[in-house]
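Peer 1: Structure below; questions to follow.
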Amino acid sequence: GVGALIVLEQNIGLGAYSSNATHINAKFSPQLLVAIFNTHAPLHDGAVIIDQEQHIAFAGCILPLSANINLAEKYGTRHRAALGLSEESDALILIVSEETGVISMAIKGKMHEENENFSVKKKLNELLKKS
């Protein structure tokens, strides 16, 4: 029942998406991430941006929605926002579905869903080793 939208900044800065967000600037920790996405927390609906120094830079970020009409109907606003940002930047975006708990990743305008043929963790490690 807990969803999340986590943006990993790469080479293209994401300052433009933080104008209405809450500045956090804290060292990354799983505990802080869980606290932010707690459904009773005020920032849980927006995205979290983790900067290149692995700090949780901003929370409650509003991302641009994709206009992709071919996106499967099972994906909601959180997924459409992740895809939209991946179309505009080189960021890696992780999505946890509030309804199903399934983890997905948006990269370069494409949605990848965790399943028996795709491991988000493996893909993330592969992509981060390249940078």
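By order of appearance in the structure tokens: chains A, B, ..., then residues from 1 within every chain, and ligands from 1 in the order shown.
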Based on DSSP run over this structure's backbone, return all residues of range 4-130 of chain A in helix (DSSP H, G or I), as a ChimeraX atom specification.
Peer 2: /A:15-17,30-37,77-88,120-130
Peer 1: Could you give me, as a ChimeraX atom specification, the residues within 9 Å of range 54-67 of chain A, counting only C-alpha atoms and dropping anything in the same chain fewer than 5 positions from it?
Peer 2: /A:8-9,17-29,32-33,36,42-49,77-88,109
Peer 1: Of the residues A:Leu124, A:Gly1, A:Gln10, A:Pro30, which is the one nearest to Gly101 in chain A, using only C-alpha atoms?
Peer 2: A:Gly1
Peer 1: Return as a PDB file with C-alpha atoms, in the first residue's frame the full set of residues in range 43-118 of chain A whose backbone-based DSSP assignment is strand (DSSP E).
Peer 2:
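Saved result, result.pdb, follows:
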```pdb
ATOM      1  CA  ALA A  47       9.035  12.399  -6.226  1.00  0.00           C
ATOM      2  CA  VAL A  48      12.294  12.300  -4.327  1.00  0.00           C
ATOM      3  CA  ILE A  49      15.406  13.447  -6.175  1.00  0.00           C
ATOM      4  CA  ILE A  50      18.679  11.818  -5.188  1.00  0.00           C
ATOM      5  CA  HIS A  55      22.047  12.934  -1.125  1.00  0.00           C
ATOM      6  CA  ILE A  56      18.287  13.105  -0.917  1.00  0.00           C
ATOM      7  CA  ALA A  57      18.199  16.596  -2.385  1.00  0.00           C
ATOM      8  CA  PHE A  58      14.460  17.261  -2.697  1.00  0.00           C
ATOM      9  CA  ALA A  59      11.149  15.638  -1.826  1.00  0.00           C
ATOM     10  CA  GLY A  60       7.631  16.355  -2.994  1.00  0.00           C
ATOM     11  CA  CYS A  61       8.795  17.104  -6.544  1.00  0.00           C
ATOM     12  CA  LEU A  92      17.007   6.858 -13.773  1.00  0.00           C
ATOM     13  CA  ILE A  93      13.559   6.764 -12.195  1.00  0.00           C
ATOM     14  CA  LEU A  94      12.313   4.011  -9.896  1.00  0.00           C
ATOM     15  CA  ILE A  95       8.591   3.545  -9.337  1.00  0.00           C
ATOM     16  CA  VAL A  96       6.885   1.442  -6.697  1.00  0.00           C
ATOM     17  CA  ILE A 103       8.823  -2.043  -8.945  1.00  0.00           C
ATOM     18  CA  SER A 104       9.412  -0.454 -12.335  1.00  0.00           C
ATOM     19  CA  MET A 105      12.123   1.676 -13.867  1.00  0.00           C
ATOM     20  CA  ALA A 106      11.836   4.441 -16.442  1.00  0.00           C
ATOM     21  CA  ILE A 107      14.909   4.998 -18.607  1.00  0.00           C
ATOM     22  CA  LYS A 110      10.890   3.443 -21.835  1.00  0.00           C
ATOM     23  CA  MET A 111       9.156   1.685 -18.934  1.00  0.00           C
ATOM     24  CA  HIS A 112      10.703  -1.524 -17.574  1.00  0.00           C
ATOM     25  CA  GLU A 113       8.740  -3.565 -15.037  1.00  0.00           C
TER      26      GLU A 113
END
```
Peer 1: Write out as an MDAnalysis selection string each polymer residue whose atoms come within 9 Å of Asn11 in chain A, counting only C-alpha atoms; drop sequence neighbours fewer than 5 positions from it.
Peer 2: chainID A and resid 52 89:91 131
Peer 1: If you keep all heavy atoms, can you produce a file of those selected residues as a PDB file, in the first residue's frame?
Peer 2:
```pdb
ATOM      1  N   GLN A  52      23.672  13.597  -7.578  1.00  0.00           N
ATOM      2  CA  GLN A  52      24.860  12.855  -7.989  1.00  0.00           C
ATOM      3  C   GLN A  52      25.783  12.513  -6.824  1.00  0.00           C
ATOM      4  O   GLN A  52      26.595  11.601  -6.923  1.00  0.00           O
ATOM      5  CB  GLN A  52      25.626  13.642  -9.056  1.00  0.00           C
ATOM      6  CG  GLN A  52      24.841  13.810 -10.327  1.00  0.00           C
ATOM      7  CD  GLN A  52      25.507  14.743 -11.318  1.00  0.00           C
ATOM      8  OE1 GLN A  52      26.665  15.082 -11.183  1.00  0.00           O
ATOM      9  NE2 GLN A  52      24.763  15.151 -12.325  1.00  0.00           N
ATOM     10  N   SER A  89      15.208  13.841 -19.659  1.00  0.00           N
ATOM     11  CA  SER A  89      16.504  13.855 -18.984  1.00  0.00           C
ATOM     12  C   SER A  89      17.154  12.473 -19.064  1.00  0.00           C
ATOM     13  O   SER A  89      16.552  11.522 -19.554  1.00  0.00           O
ATOM     14  CB  SER A  89      16.323  14.256 -17.519  1.00  0.00           C
ATOM     15  OG  SER A  89      15.785  13.173 -16.777  1.00  0.00           O
ATOM     16  N   ASP A  90      18.354  12.378 -18.519  1.00  0.00           N
ATOM     17  CA  ASP A  90      19.050  11.092 -18.460  1.00  0.00           C
ATOM     18  C   ASP A  90      18.890  10.428 -17.092  1.00  0.00           C
ATOM     19  O   ASP A  90      19.578   9.462 -16.780  1.00  0.00           O
ATOM     20  CB  ASP A  90      20.531  11.253 -18.808  1.00  0.00           C
ATOM     21  CG  ASP A  90      21.295  12.130 -17.824  1.00  0.00           C
ATOM     22  OD1 ASP A  90      20.647  12.813 -16.992  1.00  0.00           O
ATOM     23  OD2 ASP A  90      22.541  12.154 -17.892  1.00  0.00           O
ATOM     24  N   ALA A  91      17.978  10.937 -16.284  1.00  0.00           N
ATOM     25  CA  ALA A  91      17.757  10.389 -14.942  1.00  0.00           C
ATOM     26  C   ALA A  91      17.259   8.944 -15.006  1.00  0.00           C
ATOM     27  O   ALA A  91      16.618   8.535 -15.977  1.00  0.00           O
ATOM     28  CB  ALA A  91      16.743  11.243 -14.189  1.00  0.00           C
ATOM     29  N   SER A 131      28.420   4.802 -15.165  1.00  0.00           N
ATOM     30  CA  SER A 131      28.572   6.250 -14.978  1.00  0.00           C
ATOM     31  C   SER A 131      29.714   6.617 -14.062  1.00  0.00           C
ATOM     32  O   SER A 131      30.448   5.872 -13.575  1.00  0.00           O
ATOM     33  CB  SER A 131      27.275   6.862 -14.451  1.00  0.00           C
ATOM     34  OG  SER A 131      26.784   6.179 -13.343  1.00  0.00           O
TER      35      SER A 131
END
```
Peer 1: What is the distance between CA of Thr100 in chain A and CA of Asp51 in chain A, in Å to one decimal?
Peer 2: 27.5 Å
